[in-house]
file model.csv (CSV, C-alpha atoms and all ligand atoms)
chain,number,residue,atom,x,y,z
A,40,MET,CA,-59.0,-39.2,86.8
A,41,GLU,CA,-61.4,-40.7,89.3
A,42,ILE,CA,-62.6,-38.2,91.9
A,43,ASN,CA,-61.7,-38.9,95.5
A,44,GLU,CA,-64.9,-40.3,97.3
A,45,ASN,CA,-63.9,-38.5,100.6
A,46,LEU,CA,-63.8,-35.2,98.7
A,47,LEU,CA,-67.3,-35.7,97.5
A,48,LYS,CA,-68.7,-36.5,101.0
A,49,ASN,CA,-68.3,-32.9,102.1
A,50,ILE,CA,-69.7,-31.3,99.0
A,51,ARG,CA,-73.4,-30.1,99.0
A,52,LYS,CA,-75.3,-31.9,96.3
A,53,VAL,CA,-78.5,-30.3,95.1
A,54,GLU,CA,-81.2,-31.2,92.5
A,55,PRO,CA,-81.1,-28.0,90.5
A,56,TYR,CA,-84.0,-26.1,88.9
A,57,VAL,CA,-84.3,-26.8,85.2
A,58,PRO,CA,-85.2,-23.5,83.3
A,59,GLY,CA,-87.1,-23.5,80.0
A,60,GLU,CA,-84.8,-23.5,76.9
A,61,GLN,CA,-83.6,-20.2,75.6
A,62,PRO,CA,-82.8,-21.1,71.9
A,63,GLN,CA,-80.5,-18.7,70.1
A,64,ASN,CA,-82.1,-19.2,66.7
A,65,LYS,CA,-85.3,-17.5,65.6
A,66,VAL,CA,-88.2,-19.5,66.9
A,67,VAL,CA,-91.8,-18.9,68.0
A,68,LYS,CA,-91.0,-18.8,71.7
A,69,LEU,CA,-94.0,-19.8,73.8
A,70,ASN,CA,-92.1,-21.7,76.5
A,71,THR,CA,-91.1,-19.4,79.4
A,72,ASN,CA,-94.0,-17.0,79.8
A,73,GLU,CA,-92.2,-14.0,78.6
A,74,ASN,CA,-94.0,-10.9,77.3
A,75,PRO,CA,-94.1,-10.6,73.5
A,76,TYR,CA,-94.1,-6.8,73.7
A,77,PRO,CA,-91.2,-4.5,74.6
A,78,PRO,CA,-91.0,-2.7,77.9
A,79,ALA,CA,-92.5,0.8,78.4
A,80,PRO,CA,-90.9,3.4,76.0
A,81,GLY,CA,-89.5,5.3,79.0
A,82,VAL,CA,-87.3,2.3,79.8
A,83,GLN,CA,-85.5,2.6,76.4
A,84,LYS,CA,-85.1,6.3,76.9
A,85,ALA,CA,-83.6,6.0,80.4
A,86,LEU,CA,-81.2,3.3,79.2
A,87,ARG,CA,-80.1,5.5,76.3
A,88,GLU,CA,-79.5,8.4,78.6
A,89,LEU,CA,-77.7,6.5,81.3
A,90,GLU,CA,-74.2,8.0,81.7
A,91,TYR,CA,-71.8,5.1,81.6
A,92,ASP,CA,-69.4,6.9,84.0
A,93,ARG,CA,-71.9,5.9,86.7
A,94,PHE,CA,-70.9,2.3,86.3
A,95,ARG,CA,-67.7,3.1,88.3
A,96,LEU,CA,-69.7,3.2,91.5
A,97,TYR,CA,-71.6,0.5,93.3
A,98,PRO,CA,-75.4,0.7,92.9
A,99,ASP,CA,-77.5,1.8,95.9
A,100,PRO,CA,-77.6,-1.4,98.1
A,101,THR,CA,-81.0,-0.3,99.5
A,102,ALA,CA,-82.4,0.3,96.0
A,103,LYS,CA,-84.2,3.3,97.6
A,104,ASN,CA,-85.5,5.0,94.5
A,105,LEU,CA,-87.1,1.8,93.1
A,106,VAL,CA,-88.4,0.9,96.6
A,107,ASP,CA,-90.0,4.3,97.0
A,108,ILE,CA,-91.6,4.2,93.6
A,109,LEU,CA,-93.1,0.7,94.2
A,110,ALA,CA,-94.3,1.8,97.6
A,111,LYS,CA,-96.1,4.8,96.2
A,112,TYR,CA,-97.6,2.7,93.3
A,113,TYR,CA,-99.0,0.1,95.7
A,114,HIS,CA,-99.9,2.6,98.5
A,115,VAL,CA,-97.7,0.9,101.1
A,116,GLY,CA,-94.9,2.2,103.3
A,117,ASN,CA,-91.4,2.1,101.8
A,118,ASP,CA,-90.4,-0.1,104.8
A,119,GLN,CA,-92.9,-2.7,103.4
A,120,VAL,CA,-91.1,-3.2,100.1
A,121,PHE,CA,-88.1,-5.6,99.5
A,122,VAL,CA,-86.5,-5.9,96.0
A,123,GLY,CA,-84.4,-8.6,94.5
A,124,VAL,CA,-82.8,-9.9,91.3
A,125,GLY,CA,-86.0,-11.3,89.8
A,126,SER,CA,-88.7,-12.8,92.0
A,127,ASP,CA,-86.6,-16.0,92.0
A,128,ASP,CA,-84.0,-14.1,94.2
A,129,VAL,CA,-86.8,-12.7,96.3
A,130,LEU,CA,-88.4,-16.1,96.8
A,131,ALA,CA,-85.1,-17.7,97.6
A,132,MET,CA,-84.6,-15.1,100.3
A,133,CYS,CA,-88.1,-15.7,101.6
A,134,PHE,CA,-87.4,-19.4,101.9
A,135,LEU,CA,-84.2,-18.7,103.8
A,136,THR,CA,-85.7,-16.1,106.1
A,137,PHE,CA,-89.2,-17.3,106.8
A,138,PHE,CA,-89.1,-21.1,106.6
A,139,ASN,CA,-87.0,-21.9,109.6
A,140,SER,CA,-89.1,-24.4,111.4
A,141,GLU,CA,-88.8,-28.2,112.0
A,142,LYS,CA,-92.4,-28.5,110.7
A,143,PRO,CA,-92.9,-29.0,107.0
A,144,VAL,CA,-93.5,-26.1,104.7
A,145,LEU,CA,-96.6,-26.8,102.5
A,146,PHE,CA,-96.9,-26.2,98.7
A,147,PRO,CA,-99.0,-27.9,96.1
A,148,ASP,CA,-97.6,-31.1,94.3
A,149,ILE,CA,-98.1,-29.4,90.9
A,150,THR,CA,-96.7,-25.9,91.1
A,151,TYR,CA,-93.6,-23.8,90.4
A,152,SER,CA,-90.8,-26.4,90.4
A,153,PHE,CA,-88.3,-24.0,92.0
A,154,TYR,CA,-90.0,-24.3,95.5
A,155,LYS,CA,-88.7,-27.9,95.9
A,156,VAL,CA,-85.2,-26.8,94.8
A,157,TRP,CA,-85.0,-24.1,97.4
A,158,ALA,CA,-86.4,-26.3,100.1
A,159,GLY,CA,-83.8,-29.0,99.2
A,160,LEU,CA,-80.9,-26.5,99.0
A,161,TYR,CA,-81.7,-25.0,102.5
A,162,GLY,CA,-82.7,-28.3,104.1
A,163,ILE,CA,-86.2,-27.1,104.8
A,164,PRO,CA,-88.7,-30.0,105.4
A,165,TYR,CA,-91.7,-29.8,103.0
A,166,GLU,CA,-94.8,-31.6,102.1
A,167,CYS,CA,-96.8,-31.2,98.9
A,168,PRO,CA,-100.6,-31.7,99.2
A,169,LYS,CA,-102.1,-32.9,95.9
A,170,LEU,CA,-104.1,-30.7,93.7
A,171,ASP,CA,-107.5,-32.2,93.1
A,172,GLY,CA,-108.6,-33.9,89.8
A,173,ASP,CA,-109.3,-30.5,88.3
A,174,PHE,CA,-105.9,-29.2,89.3
A,175,ARG,CA,-107.4,-27.0,92.1
A,176,ILE,CA,-105.7,-26.4,95.4
A,177,GLN,CA,-107.7,-27.9,98.3
A,178,ARG,CA,-107.9,-25.3,101.0
A,179,GLU,CA,-108.5,-27.9,103.7
A,180,ASP,CA,-105.0,-29.4,103.0
A,181,TYR,CA,-103.6,-26.2,104.5
A,182,TYR,CA,-105.5,-26.3,107.7
A,183,ARG,CA,-102.9,-28.3,109.6
A,184,ASP,CA,-99.8,-27.7,111.6
A,185,ASN,CA,-97.0,-26.5,109.3
A,186,GLY,CA,-93.8,-24.4,109.0
A,187,GLY,CA,-95.1,-22.0,106.4
A,188,ILE,CA,-97.1,-22.0,103.1
A,189,ILE,CA,-96.3,-20.9,99.6
A,190,PHE,CA,-98.2,-21.1,96.4
A,191,PRO,CA,-98.5,-19.0,93.2
A,192,ASN,CA,-101.8,-17.3,92.4
A,193,PRO,CA,-102.5,-17.9,89.5
A,194,ASN,CA,-100.8,-21.2,90.1
A,195,ALA,CA,-98.2,-22.3,87.6
A,196,PRO,CA,-98.3,-24.2,85.4
A,197,THR,CA,-102.1,-24.7,85.7
A,198,ALA,CA,-102.9,-20.9,85.3
A,199,ILE,CA,-105.8,-21.3,87.7
A,200,TYR,CA,-106.6,-18.2,89.7
A,201,GLU,CA,-108.2,-18.4,93.2
A,202,GLU,CA,-110.3,-15.5,94.5
A,203,LEU,CA,-109.3,-13.5,97.5
A,204,GLU,CA,-111.8,-15.2,99.7
A,205,PHE,CA,-109.8,-18.4,99.2
A,206,ILE,CA,-106.5,-16.8,100.0
A,207,GLU,CA,-108.0,-15.1,103.0
A,208,ASP,CA,-109.2,-18.4,104.3
A,209,ILE,CA,-105.7,-19.9,104.1
A,210,LEU,CA,-104.3,-16.8,105.8
A,211,ARG,CA,-106.9,-17.0,108.6
A,212,HIS,CA,-106.1,-20.7,109.3
A,213,ASN,CA,-102.4,-20.1,109.5
A,214,GLN,CA,-101.8,-16.9,111.5
A,215,ASP,CA,-98.7,-18.3,113.3
A,216,VAL,CA,-96.7,-19.0,110.1
A,217,ILE,CA,-95.8,-17.0,107.0
A,218,VAL,CA,-98.0,-17.5,103.9
A,219,ILE,CA,-96.3,-16.4,100.7
A,220,VAL,CA,-98.5,-15.7,97.7
A,221,ASP,CA,-96.3,-15.7,94.6
A,222,GLU,CA,-98.1,-13.3,92.2
A,223,ALA,CA,-95.8,-13.6,89.2
A,224,TYR,CA,-98.9,-13.7,86.9
A,225,ILE,CA,-101.4,-11.6,88.9
A,226,ASP,CA,-101.6,-8.7,86.5
A,227,PHE,CA,-103.3,-11.0,83.9
A,228,ALA,CA,-105.7,-12.5,86.4
A,229,GLY,CA,-107.6,-10.5,89.0
A,230,ARG,CA,-107.4,-8.9,92.4
A,231,SER,CA,-104.1,-9.1,94.2
A,232,ALA,CA,-103.7,-10.4,97.8
A,233,LEU,CA,-102.0,-7.0,98.5
A,234,GLU,CA,-105.6,-6.0,99.6
A,235,LEU,CA,-105.3,-8.4,102.5
A,236,LEU,CA,-102.0,-7.0,103.9
A,237,ALA,CA,-103.7,-4.5,106.3
A,238,LYS,CA,-105.5,-7.5,107.9
A,239,TYR,CA,-102.9,-10.2,107.9
A,240,GLN,CA,-99.4,-9.7,109.3
A,241,ASN,CA,-98.4,-13.2,108.2
A,242,LEU,CA,-98.8,-12.4,104.4
A,243,ILE,CA,-96.0,-11.8,102.0
A,244,VAL,CA,-96.9,-11.0,98.4
A,245,VAL,CA,-94.2,-11.5,95.8
A,246,GLN,CA,-94.4,-10.0,92.3
A,247,THR,CA,-92.1,-9.6,89.3
A,248,PHE,CA,-91.2,-7.3,86.4
A,249,SER,CA,-90.6,-10.3,84.2
A,250,LYS,CA,-94.1,-10.9,82.9
A,251,ALA,CA,-96.6,-8.1,82.7
A,252,ARG,CA,-93.8,-5.5,82.6
A,253,SER,CA,-91.8,-7.2,79.8
A,254,MET,CA,-88.5,-7.1,81.7
A,255,ALA,CA,-87.4,-10.7,82.3
A,256,GLY,CA,-83.9,-9.8,81.1
A,257,MET,CA,-83.5,-7.1,83.7
A,258,ARG,CA,-84.2,-9.4,86.6
A,259,ILE,CA,-86.3,-7.3,89.0
A,260,GLY,CA,-88.7,-8.8,91.6
A,261,TYR,CA,-90.2,-7.6,94.9
A,262,ALA,CA,-92.0,-8.7,98.0
A,263,ILE,CA,-94.4,-6.6,100.0
A,264,GLY,CA,-95.3,-7.3,103.6
A,265,ASP,CA,-95.2,-6.1,107.2
A,266,PRO,CA,-92.3,-3.8,107.9
A,267,GLU,CA,-90.9,-6.2,110.5
A,268,LEU,CA,-90.9,-9.1,108.0
A,269,VAL,CA,-89.3,-6.9,105.3
A,270,LYS,CA,-86.6,-6.0,107.8
A,271,CYS,CA,-85.9,-9.7,108.4
A,272,LEU,CA,-85.6,-10.2,104.7
A,273,ASN,CA,-83.2,-7.4,104.3
A,274,ASP,CA,-81.1,-8.6,107.2
A,275,VAL,CA,-80.7,-12.0,105.6
A,276,LYS,CA,-80.0,-10.5,102.2
A,277,TYR,CA,-77.3,-8.1,103.5
A,278,SER,CA,-75.7,-11.0,105.2
A,279,PHE,CA,-74.3,-12.5,102.0
A,280,ASN,CA,-75.9,-10.9,99.0
A,281,SER,CA,-75.2,-7.2,98.9
A,282,TYR,CA,-75.5,-4.8,95.9
A,283,THR,CA,-77.6,-7.3,94.0
A,284,LEU,CA,-79.7,-5.1,91.7
A,285,ASN,CA,-77.4,-3.5,89.1
A,286,LEU,CA,-77.7,0.1,88.2
A,287,PRO,CA,-79.5,-0.3,84.8
A,288,SER,CA,-82.1,-2.5,86.5
A,289,LEU,CA,-82.7,0.0,89.2
A,290,ILE,CA,-83.1,2.8,86.8
A,291,CYS,CA,-85.2,0.9,84.2
A,292,GLY,CA,-87.4,-0.6,86.8
A,293,ALA,CA,-88.3,2.8,88.2
A,294,GLU,CA,-89.1,4.0,84.7
A,295,ALA,CA,-91.4,1.1,83.9
A,296,VAL,CA,-93.5,1.6,87.0
A,297,LYS,CA,-94.2,5.3,86.0
A,298,ASP,CA,-96.0,4.3,82.8
A,299,ARG,CA,-99.3,2.9,84.0
A,300,GLU,CA,-101.1,3.5,80.7
A,301,TYR,CA,-98.6,1.4,78.7
A,302,PHE,CA,-98.7,-1.3,81.3
A,303,GLU,CA,-102.4,-1.6,81.1
A,304,LYS,CA,-102.4,-1.6,77.3
A,305,VAL,CA,-100.0,-4.5,77.1
A,306,ILE,CA,-101.9,-6.5,79.6
A,307,SER,CA,-105.2,-6.0,77.9
A,308,GLU,CA,-103.6,-7.0,74.5
A,309,ILE,CA,-102.3,-10.2,76.1
A,310,VAL,CA,-105.6,-11.0,77.8
A,311,ASP,CA,-107.4,-10.5,74.5
A,312,THR,CA,-105.0,-12.9,72.7
A,313,ARG,CA,-105.4,-15.4,75.6
A,314,GLU,CA,-109.1,-15.4,75.2
A,315,TRP,CA,-108.9,-15.9,71.5
A,316,THR,CA,-106.3,-18.7,72.0
A,317,LYS,CA,-108.7,-20.5,74.3
A,318,LYS,CA,-111.4,-20.5,71.6
A,319,GLU,CA,-109.0,-21.7,69.0
A,320,LEU,CA,-107.6,-24.5,71.2
A,321,ARG,CA,-111.0,-25.6,72.2
A,322,GLY,CA,-112.0,-25.7,68.5
A,323,LEU,CA,-109.1,-28.1,67.9
A,324,GLY,CA,-110.3,-30.4,70.7
A,325,PHE,CA,-107.8,-29.3,73.5
A,326,GLU,CA,-108.9,-29.3,77.1
A,327,PHE,CA,-107.6,-27.0,79.8
A,328,PRO,CA,-108.5,-25.4,83.1
A,329,ASP,CA,-109.7,-21.8,82.7
A,330,ALA,CA,-106.4,-19.9,82.3
A,331,LYS,CA,-106.0,-16.5,84.0
A,332,ALA,CA,-102.3,-16.1,83.5
A,333,ASN,CA,-100.3,-15.3,80.3
A,334,PHE,CA,-100.2,-19.0,79.5
A,335,ILE,CA,-102.6,-21.9,79.0
A,336,PHE,CA,-102.1,-25.5,80.3
A,337,ALA,CA,-103.7,-27.6,77.7
A,338,ALA,CA,-103.9,-31.3,76.7
A,339,HIS,CA,-105.5,-33.1,73.8
A,340,PRO,CA,-107.4,-36.3,74.6
A,341,ASP,CA,-106.3,-37.9,71.3
A,342,TYR,CA,-102.6,-37.1,71.1
A,343,ASN,CA,-99.6,-37.8,73.3
A,344,GLY,CA,-98.3,-34.7,75.1
A,345,GLU,CA,-94.6,-35.5,74.5
A,346,GLU,CA,-95.1,-36.2,70.8
A,347,LEU,CA,-97.0,-33.0,70.3
A,348,PHE,CA,-94.3,-31.1,72.1
A,349,GLN,CA,-91.6,-32.6,69.8
A,350,ALA,CA,-93.7,-32.1,66.7
A,351,LEU,CA,-94.0,-28.4,67.5
A,352,LYS,CA,-90.4,-28.1,68.3
A,353,ARG,CA,-89.5,-29.6,64.9
A,354,GLU,CA,-91.4,-26.7,63.4
A,355,ASN,CA,-89.5,-24.2,65.6
A,356,ILE,CA,-92.4,-23.6,67.9
A,357,TYR,CA,-91.3,-23.9,71.6
A,358,VAL,CA,-93.8,-24.6,74.3
A,359,ARG,CA,-93.1,-26.2,77.7
A,360,HIS,CA,-93.7,-29.9,78.6
A,361,TRP,CA,-92.8,-31.9,81.7
A,362,ASN,CA,-92.4,-35.6,81.6
A,363,SER,CA,-93.9,-36.1,85.0
A,364,GLU,CA,-96.6,-38.2,86.4
A,365,ARG,CA,-99.9,-36.2,86.4
A,366,ILE,CA,-99.1,-33.6,83.8
A,367,GLY,CA,-97.3,-35.6,81.0
A,368,GLN,CA,-100.2,-35.0,78.6
A,369,TYR,CA,-100.1,-31.3,79.0
A,370,LEU,CA,-98.4,-28.5,77.2
A,371,ARG,CA,-97.9,-25.1,78.8
A,372,ILE,CA,-98.3,-22.5,76.1
A,373,SER,CA,-97.3,-18.9,76.7
A,374,ILE,CA,-99.4,-16.2,75.1
A,375,GLY,CA,-97.4,-14.5,72.3
A,376,THR,CA,-98.5,-12.0,69.7
A,377,LYS,CA,-101.6,-12.8,67.6
A,378,GLU,CA,-99.2,-13.6,64.7
A,379,GLU,CA,-97.3,-16.1,66.8
A,380,MET,CA,-100.4,-17.8,68.1
A,381,GLY,CA,-101.6,-18.0,64.5
A,382,ILE,CA,-98.4,-19.9,63.5
A,383,LEU,CA,-99.0,-22.2,66.5
A,384,PHE,CA,-102.6,-23.0,65.4
A,385,ASP,CA,-101.6,-23.6,61.8
A,386,SER,CA,-99.0,-26.1,63.0
A,387,LEU,CA,-101.4,-27.8,65.4
A,388,LYS,CA,-104.0,-28.1,62.6
A,389,ARG,CA,-101.4,-29.7,60.3
A,390,TYR,CA,-100.4,-32.1,63.0
A,391,ILE,CA,-104.0,-33.1,63.7
A,392,SER,CA,-104.9,-33.6,60.1
A,393,LYS,CA,-101.7,-35.7,59.5
A,394,GLN,CA,-102.6,-37.9,62.5
A,395,GLY,CA,-106.0,-38.3,61.0
A,396,ASP,CA,-104.5,-39.6,57.7
A,397,TYR,CA,-102.4,-41.9,59.8
A,398,ASN,CA,-105.4,-43.4,61.5
A,399,LEU,CA,-107.3,-44.2,58.3
A,401,LIG,N1,-92.8,-17.5,90.3
A,401,LIG,C1,-93.4,-18.2,89.3
A,401,LIG,C2,-94.7,-18.9,89.6
A,401,LIG,C3,-92.9,-18.2,88.0
A,401,LIG,O1,-93.4,-18.9,87.0
A,401,LIG,C4,-91.7,-17.6,87.8
A,401,LIG,C5,-91.1,-17.6,86.4
A,401,LIG,N2,-90.2,-18.6,86.1
A,401,LIG,C6,-91.0,-16.9,88.8
A,401,LIG,C7,-91.7,-16.9,90.1
A,401,LIG,C8,-89.7,-16.2,88.7
A,401,LIG,O2,-89.7,-15.1,87.8
A,401,LIG,P1,-88.6,-14.0,87.8
A,401,LIG,O3,-87.4,-14.6,88.6
A,401,LIG,O4,-88.3,-13.8,86.4
A,401,LIG,O5,-89.2,-12.8,88.5
call {"tool": "encode", "arguments": {"input": "model.csv", "output": "structure tokens"}}
result
Amino acid sequence: MEINENLLKNIRKVEPYVPGEQPQNKVVKLNTNENPYPPAPGVQKALRELEYDRFRLYPDPTAKNLVDILAKYYHVGNDQVFVGVGSDDVLAMCFLTFFNSEKPVLFPDITYSFYKVWAGLYGIPYECPKLDGDFRIQREDYYRDNGGIIFPNPNAPTAIYEELEFIEDILRHNQDVIVIVDEAYIDFAGRSALELLAKYQNLIVVQTFSKARSMAGMRIGYAIGDPELVKCLNDVKYSFNSYTLNLPSLICGAEAVKDREYFEKVISEIVDTREWTKKELRGLGFEFPDAKANFIFAAHPDYNGEELFQALKRENIYVRHWNSERIGQYLRISIGTKEEMGILFDSLKRYISKQGDYNL
């Protein structure tokens, strides 16, 4: 039956975010920047010991225990921490709360593709200054009148990390608007912008348990900022989205934060594998900006990005590829275990040698 056109007129239409594939068969999965190692052992223990009778009750809407533990870990007040269902939820709340101006919000043209989706969904005007030819953010592009700023550091999918001096410069030039630094990958990179919180009231730092803490499936994210801003975030959240973090996530999240030693061990293993991966990829002729996240954004000058992506997929190796203008040649390769990366290199070597035969 043909749908009534008048019905459609009143319905909100959005361009949705397209997440990376989650194949159900066994593959080498290097496409969504998950952590190849399990969460801290205490998480498993807490989950095993969780009394299921507790599921009768709603979880704590203020997530107090988790908030307190995060506040202590980061040496901030508990009125400075906001938690949500993954940093996607936190970021969506931030867009709704902080980007409420007629002026455009600014974020890079090549960045986390969800930003455009939230701006579209909430009707927030935005502009996307272009990264330069080396995929770097140009700080001067953010010196103009705007309704707020957001960018990841390290940026995604480029994996480029900017030093704190760069972040501070953007904060200093934009003291009348909120600047959100999305630090989903900061633990693999360098110093966090959290250090700048004491100096800049306009800063919101967003982080996640999905990457360095190996808990993408638990959906835990958080923002840290000025108490007044955090109150505004909570007011918006409680207006339509209560009880969002479920009980197991609250409990497991708190457990994960307690184990600093395990956290640091996992990060150092991934960073080690990343550095080895850079060497191997370079040896195969790939080019990429220096990666500081748990992924590398690489292109080969001799081979088509889409074809490489498909060839890997045929061998059950999943990486991420976007068919878009400036980045169609690139593959975003998450860092897995050493064994997984070895399988990737073998496959790339086979591909390259086959292409060589072809060209003869
Ligand atoms: N920010 C960036 C830059 C990301 O790449 C991701 C992962 N897709 C997220 C935020 C969201 O991660 P999560 O919702 O799992 O915390």
call {"tool": "closest_residue", "arguments": {"input": "model.csv", "among": "A:Glu60, A:Asp221, A:Glu179, A:Glu54", "to": "ligand LIG 401 (chain A)", "atoms": "all atoms listed in the file"}}
result
A:Asp221
call {"tool": "closest_residue", "arguments": {"input": "model.csv", "among": "A:Lys377, A:His360, A:Lys155, A:Arg252", "to": "A:Glu314", "atoms": "all atoms listed in the file"}}
result
A:Lys377
call {"tool": "residues_around", "arguments": {"input": "model.csv", "residues": "A:Ala228", "least_positions_apart": "2", "cutoff": "12 Å", "atoms": "all atoms listed in the file", "output": "PyMOL selection string"}}
result
chain A and resi 191-194+198-203+222-226+230-232+251+306-307+309-310+313+329-334
call {"tool": "atom_distance", "arguments": {"input": "model.csv", "atom1": "atom CA of A:Asp128", "atom2": "atom CA of A:Ala255"}}
result
12.8 Å
call {"tool": "closest_residue", "arguments": {"input": "model.csv", "among": "A:Gly125, A:Pro287, A:Gly187, A:Pro100", "to": "ligand LIG 401 (chain A)", "atoms": "only C-alpha atoms and all ligand atoms"}}
result
A:Gly125
call {"tool": "residues_near_ligand", "arguments": {"input": "model.csv", "ligand": "ligand LIG 401 (chain A)", "cutoff": "10 Å", "atoms": "all atoms listed in the file", "output": "ChimeraX atom specification"}}
result
/A:58-59,71-73,123-131,150-154,190-196,198,220-225,245-250,253-261,332
call {"tool": "residues_around", "arguments": {"input": "model.csv", "residues": "A:Val244", "least_positions_apart": "5", "cutoff": "6 Å", "atoms": "all atoms listed in the file", "output": "PyMOL selection string"}}
result
chain A and resi 219-220+262-263
call {"tool": "closest_residue", "arguments": {"input": "model.csv", "among": "A:Tyr76, A:Phe302, A:Tyr165, A:Tyr282", "to": "A:Tyr97", "atoms": "all atoms listed in the file"}}
result
A:Tyr282
call {"tool": "build_atoms", "arguments": {"input": "model.csv", "residues": "stretch 145-157 of chain A", "atoms": "N, CA, C and O atoms", "output": "CSV table (one decimal), keeping the file's coordinate frame"}}
result
chain,number,residue,atom,x,y,z
A,145,LEU,N,-95.6,-26.1,103.4
A,145,LEU,CA,-96.6,-26.8,102.5
A,145,LEU,C,-96.7,-26.0,101.2
A,145,LEU,O,-96.7,-24.8,101.2
A,146,PHE,N,-96.6,-26.7,100.1
A,146,PHE,CA,-96.9,-26.2,98.7
A,146,PHE,C,-97.5,-27.3,97.9
A,146,PHE,O,-97.2,-28.5,98.1
A,147,PRO,N,-98.3,-26.9,96.8
A,147,PRO,CA,-99.0,-27.9,96.1
A,147,PRO,C,-98.0,-28.9,95.3
A,147,PRO,O,-96.9,-28.5,95.0
A,148,ASP,N,-98.5,-30.1,95.0
A,148,ASP,CA,-97.6,-31.1,94.3
A,148,ASP,C,-97.4,-30.6,92.9
A,148,ASP,O,-96.3,-30.8,92.3
A,149,ILE,N,-98.3,-29.9,92.3
A,149,ILE,CA,-98.1,-29.4,90.9
A,149,ILE,C,-98.0,-27.9,91.1
A,149,ILE,O,-99.1,-27.2,91.3
A,150,THR,N,-96.8,-27.3,91.0
A,150,THR,CA,-96.7,-25.9,91.1
A,150,THR,C,-95.3,-25.5,90.6
A,150,THR,O,-94.6,-26.3,89.9
A,151,TYR,N,-94.9,-24.3,90.9
A,151,TYR,CA,-93.6,-23.8,90.4
A,151,TYR,C,-92.5,-24.7,90.9
A,151,TYR,O,-92.3,-24.8,92.2
A,152,SER,N,-91.7,-25.3,90.0
A,152,SER,CA,-90.8,-26.4,90.4
A,152,SER,C,-89.6,-25.9,91.2
A,152,SER,O,-88.8,-26.7,91.8
A,153,PHE,N,-89.4,-24.6,91.3
A,153,PHE,CA,-88.3,-24.0,92.0
A,153,PHE,C,-88.5,-24.2,93.6
A,153,PHE,O,-87.5,-24.2,94.3
A,154,TYR,N,-89.7,-24.3,94.0
A,154,TYR,CA,-90.0,-24.3,95.5
A,154,TYR,C,-89.3,-25.5,96.1
A,154,TYR,O,-88.6,-25.4,97.1
A,155,LYS,N,-89.4,-26.7,95.4
A,155,LYS,CA,-88.7,-27.9,95.9
A,155,LYS,C,-87.2,-27.7,95.9
A,155,LYS,O,-86.6,-28.2,96.8
A,156,VAL,N,-86.7,-27.0,94.9
A,156,VAL,CA,-85.2,-26.8,94.8
A,156,VAL,C,-84.7,-26.0,96.0
A,156,VAL,O,-83.7,-26.4,96.6
A,157,TRP,N,-85.4,-24.9,96.3
A,157,TRP,CA,-85.0,-24.1,97.4
A,157,TRP,C,-85.1,-24.8,98.8
A,157,TRP,O,-84.2,-24.8,99.6
